[in-house]
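*Asks:* Questions regarding the structure given below will be posed in turn.
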Amino acid sequence: MELNCADAVTSEDRQIASNIESVDLAIQFAPTTTLTLYSKEDFNLSDIILLLHNFDIAVKDNITAQIGDIYINKMVILAPSKELEKNQKIFKEIFLQAISGKILHKCSLYALAISEGIGLEQIIFLRAMVKYMGQLVGGKKEESIVKLLKIHHPFAKLLCENFFSKKSSESMTQYLEGVENFEEYKLLHLLSEVVRNITRSNFSMQKETKSFKFAVDRFKHLLDDLNPNIEIFVYHKDFLGVHLRIDKVSRGGIRWSDREDFRQEIKSLMVTQEMKNAIIVPAGGKGGIYIEKSVDKATFTHYYSLYIDAMLDLINKKPTKKGDFYFVVAADKGTSDMSDVANTIAIKKGYWLRDAFASGGSTGYNHKKLGVTAHGAWISAAHHFINRGIDIFKDPLTIVGTGSMRGDVFGNGLLINPNAKLLGAISSKEIFIDPNPDPKIAYEERKRLFEEQKSWDAYDPKKISKGGGVFSRSAKKITLSPQIKKLLGIKKEYLSGEELAKKLLCAKVDLLYIGGIGTYVKASDELNIYIADKANENVRVDAKDLKAYAVCEGGNLGFTQKARIEYAKKGKHINLDSIDNSAGVNTSDYEVNTKIVLNQALDEGKIDEERRVATLKSLTQEVLAKVFDTNYLQPLAITLDAKRSVLLQEEFLKTIDIVEREVEFFKRKDFAIPRPKEMYQVIGADGAIVRPVLGILLSFSKIFLKNFILHSPLGDEPFFEHYLYKYFPKKLYPFFEKEILSHPLRKQIIATIAANIIINNAGATFVSDYDELGDQRFTIKIKAYLLLYTLLGITKVKKELYEQSFMLKEKLFDALLQIEDSVAFAVQWAVRNHEEFNLEPFHILNYKQEIAAFLNLEKDHSDNFMQFIDLIKFIYIAIFIKELKEFKLQEVLALIDAIIKRFKIDAILALIYAITPNNSIQRDLKKQLVNLVEYFVTVSARGVVEFTRSRETLLEGLDNYIKEKNIDTAAIEEALEQAKVSKDLLALTNLIHRLLLKSI
């Protein structure tokens, strides 16, 4: 049938038109299928045809007419008449809402309304799943996923039934068995697993913003690469959002992403965040929001609010034993001023964390005002200059940087040292060069720019030294002054802005300070195409060309990991961004957990809101001190591990294997760590593993240890409560002890503090014998280590040493390694003898005062402690022997000290440690010799205690014991001297066997 003018308006049309309020649709199925649209708005025919195309309906013929203010569009259509007639009500509802602009005009899933009678809510659900799948599988375009659902429309209906009616997924499984195309099967199977594993949704709340929580750990085996375990996906017709978490207790910033594949970006950042979070309580998390069109700040704030609100719909409002209640966010790119917005929503929804939900808001710690990230980064970088005797906080220092004075990290960083000479900086648009600055003048001008939030182009030209200036990065031609040519070692008369930026990055300075956003340095064998930061591609340089003595990564991702390794192998000094700029995330963690304590006190009526806010602010300096301690200790730990790695490479290889197996998000290839046979690729000229690799191991060994302690019974032992108190500022204890003890993350805090203490001091290889020991004995090792630290007050001893860093220089590292060697020796004995030795903490700590008195630790802890460094190895043995017979512990300590001196035990052990084994047999022999020395001291001391008469002192008993056993100490000294000359394991073996045979 064809339409003609005579058919344009019928009496039926007139009757319908007289009752139209806005828009209506009539469907006629005989003799042909015809649609008649009645509307007060004159819709464009092409828009109508395009909308019908979404339903897989084609328009064969059409005619338009008008009755008064009603427009009529009659269309003969090509459509599956039987299905359309069956589902016309659903079709009509969706069509009218779409043509009226109430829902999306373009959505190919509308075709399912006709083929399967799928309603609007179900289509919105499927559209959300298509959008999520598009992010999940990357290479598959959304159009191909929609096409697949239209081909397998019965399966689309099954997906809806599973979600809306919670029907068994068995029918989906049966359908999938009949799909013959393997590529189609894989995609449909993944989609079915995605829907099956929606653990919570706000769909029933009838909000415009839909959110879904997925148990990704149940289907991540179907995905490529690393993926989160818990994920929230937020769907809105105008924006999309995700939040990825490694664990229920995770944290990370929310980023306004400009990438279509934004989930991929957020996923990479989540893995980076996991490493960064090694020092804090939560695991790694990251969120992101993507808006396809350009929007103003007000619109973004609206969308951000909808995103936050929708996510909080899926989180428990109060802590429950197995619930998902710890959900926190932080600022990131594009969301730096959104914390108060997020907290307002959290408070309105009754979420238990209230303004602890988003750290750094008006009632929290303002990172930029405190300068916390920059200050922490400088503390971290200061470690590189200890051996040069330079204090980068006050001594003259030449610097080139990335960033501008408007920024938090760069701006605060360049106001730390008034004597620093900033020779140049690169921002996103400008290049600043000051070839020979007057430090005082330059400092004041930088301060002005920071306070006024101005870019480099606002720098007063009169205050720039001769030949310098501010240039555009995009300039085609910049004429170079003699001063710039001298500074950068250039002979050319001019360069482009990009060429000048590259030369500046490679200037010979004391410090290259990464203070802005962007990846500026790659390895020489890396291609720019594979590096995400495209904005800085044309100014990116190779690490091999850098001449700076050291690098401070105050900003994220300034270097690729391969670039860090290449730079470090040149003998240069660099850590990691996650090591240098950890202060920000650390401060936020303290803020959240302290607010939890204060919020509980507020709920109980102990304090009011004014005092809650005032208390948090009063703790600022103590919190910052704790944060900056970490910035000091982590680079120091890397230095100590570098020294260990020269002799203990095998232990580091074991550590890598264990951590890779036990920590899901550590894969050596992702961090440019080669296989054992290629380890030379990450070893410097000094024979040590380079710092960037050791920094990775430091972080992930902490994560492994933190998780182990968390899932062990240690956190429930009374002794470990000490680490809960150790976390919080001391000012909280007197008034808020009850709230601290009932903190919902109590066990996580304990595990975090304990793991950080151990790895910061013992190094990453503390975990290297995990396989050898097994869970039970590894648990004992952890307890024995921490108990010894408390028993001997080692933290105080080390603090005295840290305060002498610039005076001691290299001697500081030697002293710290000696302490840890002695601790490790004592701990190994406790682990081997745990069945005989009573390691109950409060029993052991009864001896604390007696030991302190013997070691004379009341004053000058470090000096006195180091005098007894070899005796420390045998502290646990001394307690064990003391309890065999009624002697005072001080007498037993004096006895063992005498045995060590008489038999040159310290010299024998030093000689054993100094020998580098050539194979596994020699490694085992070396370990056995250490154990035999320990055994000799134990047997000898035990023998003396049992041999000594009641009227004798133990030292007199030792003299008699040596005579009785006919031990020739002079012969031992002679044999030792021979062993020193030969440096031979066999000579040492012979010496130790002689000792043992005499003592047994």
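The way I read the labels, and the way they are meant: chains A, B, ... in the order of the structure tokens, residue 1 as the first residue of every chain, and ligand 1 as the first ligand shown, with later ones counted on from there.
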Could you pull out the residues in segment 550-619 of chain A that DSSP calls strand (DSSP E) from the backbone, as an MDAnalysis selection string?
*Replies:* chainID A and resid 550:553
*Asks:* When you look at segment 497-514 of chain A with a cut-off of 9 Å (counting only C-alpha atoms), what residues show up, excluding the ones that are within fewer than 2 positions of it in the same chain? I need them as a ChimeraX atom specification.
*Replies:* /A:381,397-403,409-410,413,423-426,430-431,433,471-478,487-490,494-495,516-518,520-521,538-541,543,545-559
*Asks:* Tell me, counting only C-alpha atoms, for each residue of segment 596-667 of chain A within 12 Å of segment 340-361 of chain A, which pair of atoms is nearest and how far apart they are in Å to one decimal, in rows ordered by chain and increasing number, as JSON lines.
*Replies:*
{"residue": "A:Ile596", "atom": "CA", "partner": "A:Leu353", "partner_atom": "CA", "distance": 6.6}
{"residue": "A:Val597", "atom": "CA", "partner": "A:Leu353", "partner_atom": "CA", "distance": 10.2}
{"residue": "A:Leu598", "atom": "CA", "partner": "A:Ala356", "partner_atom": "CA", "distance": 10.2}
{"residue": "A:Asn599", "atom": "CA", "partner": "A:Leu353", "partner_atom": "CA", "distance": 7.8}
{"residue": "A:Gln600", "atom": "CA", "partner": "A:Trp352", "partner_atom": "CA", "distance": 9.4}
{"residue": "A:Leu602", "atom": "CA", "partner": "A:Arg354", "partner_atom": "CA", "distance": 11.7}
{"residue": "A:Asp603", "atom": "CA", "partner": "A:Trp352", "partner_atom": "CA", "distance": 10.4}
{"residue": "A:Glu609", "atom": "CA", "partner": "A:Asp355", "partner_atom": "CA", "distance": 11.7}
{"residue": "A:Arg612", "atom": "CA", "partner": "A:Asp355", "partner_atom": "CA", "distance": 11.5}
{"residue": "A:Val613", "atom": "CA", "partner": "A:Asp355", "partner_atom": "CA", "distance": 10.5}
{"residue": "A:Leu616", "atom": "CA", "partner": "A:Ala356", "partner_atom": "CA", "distance": 11.4}
{"residue": "A:Lys617", "atom": "CA", "partner": "A:Gly360", "partner_atom": "CA", "distance": 11.9}
*Asks:* Kindly provide the residues of segment 250-293 of chain A that approach segment 205-228 of chain A to within 12 Å, each paired with its closest atom pair and their distance in Å to one decimal, based on only C-alpha atoms, listed by chain and increasing number, as a tab-separated table.
*Replies:*
residue	atom	partner	partner_atom	distance
A:Ser250	CA	A:Pro228	CA	10.8
A:Arg263	CA	A:Asn227	CA	10.3
A:Gln264	CA	A:Asn227	CA	9.6
A:Glu265	CA	A:Asn227	CA	11.9
A:Ile266	CA	A:Pro228	CA	10.4
A:Lys267	CA	A:Asn227	CA	6.9
A:Ser268	CA	A:Leu226	CA	8.6
A:Leu269	CA	A:Pro228	CA	11.2
A:Met270	CA	A:Pro228	CA	8.1
A:Val271	CA	A:Leu226	CA	8.1
A:Thr272	CA	A:Leu226	CA	11.6
A:Gln273	CA	A:Pro228	CA	11.9
A:Glu274	CA	A:Pro228	CA	10.6
A:Ala283	CA	A:Pro228	CA	10.9
A:Gly284	CA	A:Pro228	CA	9.2
A:Gly285	CA	A:Pro228	CA	8.3
A:Lys286	CA	A:Pro228	CA	9.7
A:Gly287	CA	A:Pro228	CA	11.5
*Asks:* Store the residues picked out above, limited to C-alpha atoms, as a compact mmCIF listing (two decimals), in the first residue's frame.
*Replies:*
# COMPACT_ATOMS: atom_id res chain seq x y z
CA SER A 250 41.00 0.18 49.85
CA ARG A 263 38.81 2.18 32.87
CA GLN A 264 42.19 1.11 31.49
CA GLU A 265 43.73 4.31 32.84
CA ILE A 266 42.06 3.88 36.23
CA LYS A 267 43.09 0.22 36.39
CA SER A 268 46.75 1.10 35.83
CA LEU A 269 46.53 3.78 38.52
CA MET A 270 44.92 1.29 40.91
CA VAL A 271 47.93 -1.04 40.60
CA THR A 272 50.27 1.93 41.17
CA GLN A 273 48.16 2.95 44.17
CA GLU A 274 48.47 -0.54 45.66
CA ALA A 283 44.91 -1.54 49.86
CA GLY A 284 44.96 0.14 46.46
CA GLY A 285 41.86 1.63 44.91
CA LYS A 286 41.09 4.19 42.22
CA GLY A 287 38.04 5.84 40.74
*Asks:* Choose the residue, out of A:Lys421, A:Lys901, A:Arg200, A:Lys293, that has the smallest atom-to-atom separation from Leu312 of chain A; count only C-alpha atoms.
*Replies:* A:Arg200
*Asks:* Tell me, as a PyMOL selection string, which residues lie within 9 Å of Glu493 of chain A, counting only C-alpha atoms; anything in the same chain fewer than 3 positions away does not count.
*Replies:* chain A and resi 478-482+485+490
*Asks:* Deliver the residues from the most recent selection as a file, using N, CA, C and O atoms, as an mmCIF file, in the first residue's frame.
*Replies:*
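Result file is selection.cif:
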data_model
loop_
_atom_site.group_PDB
_atom_site.id
_atom_site.type_symbol
_atom_site.label_atom_id
_atom_site.label_comp_id
_atom_site.auth_asym_id
_atom_site.auth_seq_id
_atom_site.Cartn_x
_atom_site.Cartn_y
_atom_site.Cartn_z
ATOM 1 N N ILE A 478 63.734 29.979 19.241
ATOM 2 C CA ILE A 478 64.131 30.765 20.408
ATOM 3 C C ILE A 478 65.622 31.068 20.283
ATOM 4 O O ILE A 478 66.447 30.147 20.215
ATOM 5 N N THR A 479 65.960 32.350 20.225
ATOM 6 C CA THR A 479 67.371 32.738 20.156
ATOM 7 C C THR A 479 68.008 32.551 21.530
ATOM 8 O O THR A 479 67.463 32.999 22.546
ATOM 9 N N LEU A 480 69.150 31.898 21.559
ATOM 10 C CA LEU A 480 69.792 31.548 22.824
ATOM 11 C C LEU A 480 70.826 32.588 23.232
ATOM 12 O O LEU A 480 71.681 32.977 22.436
ATOM 13 N N SER A 481 70.748 33.013 24.485
ATOM 14 C CA SER A 481 71.740 33.951 25.016
ATOM 15 C C SER A 481 73.033 33.205 25.316
ATOM 16 O O SER A 481 73.030 31.977 25.469
ATOM 17 N N PRO A 482 74.155 33.917 25.431
ATOM 18 C CA PRO A 482 75.420 33.254 25.787
ATOM 19 C C PRO A 482 75.306 32.512 27.130
ATOM 20 O O PRO A 482 75.907 31.449 27.304
ATOM 21 N N LYS A 485 73.448 29.245 26.591
ATOM 22 C CA LYS A 485 74.317 28.303 25.870
ATOM 23 C C LYS A 485 75.373 27.714 26.799
ATOM 24 O O LYS A 485 75.672 26.516 26.743
ATOM 25 N N ILE A 490 75.444 24.364 24.889
ATOM 26 C CA ILE A 490 74.917 24.399 23.520
ATOM 27 C C ILE A 490 75.745 25.378 22.676
ATOM 28 O O ILE A 490 76.102 26.465 23.135
#
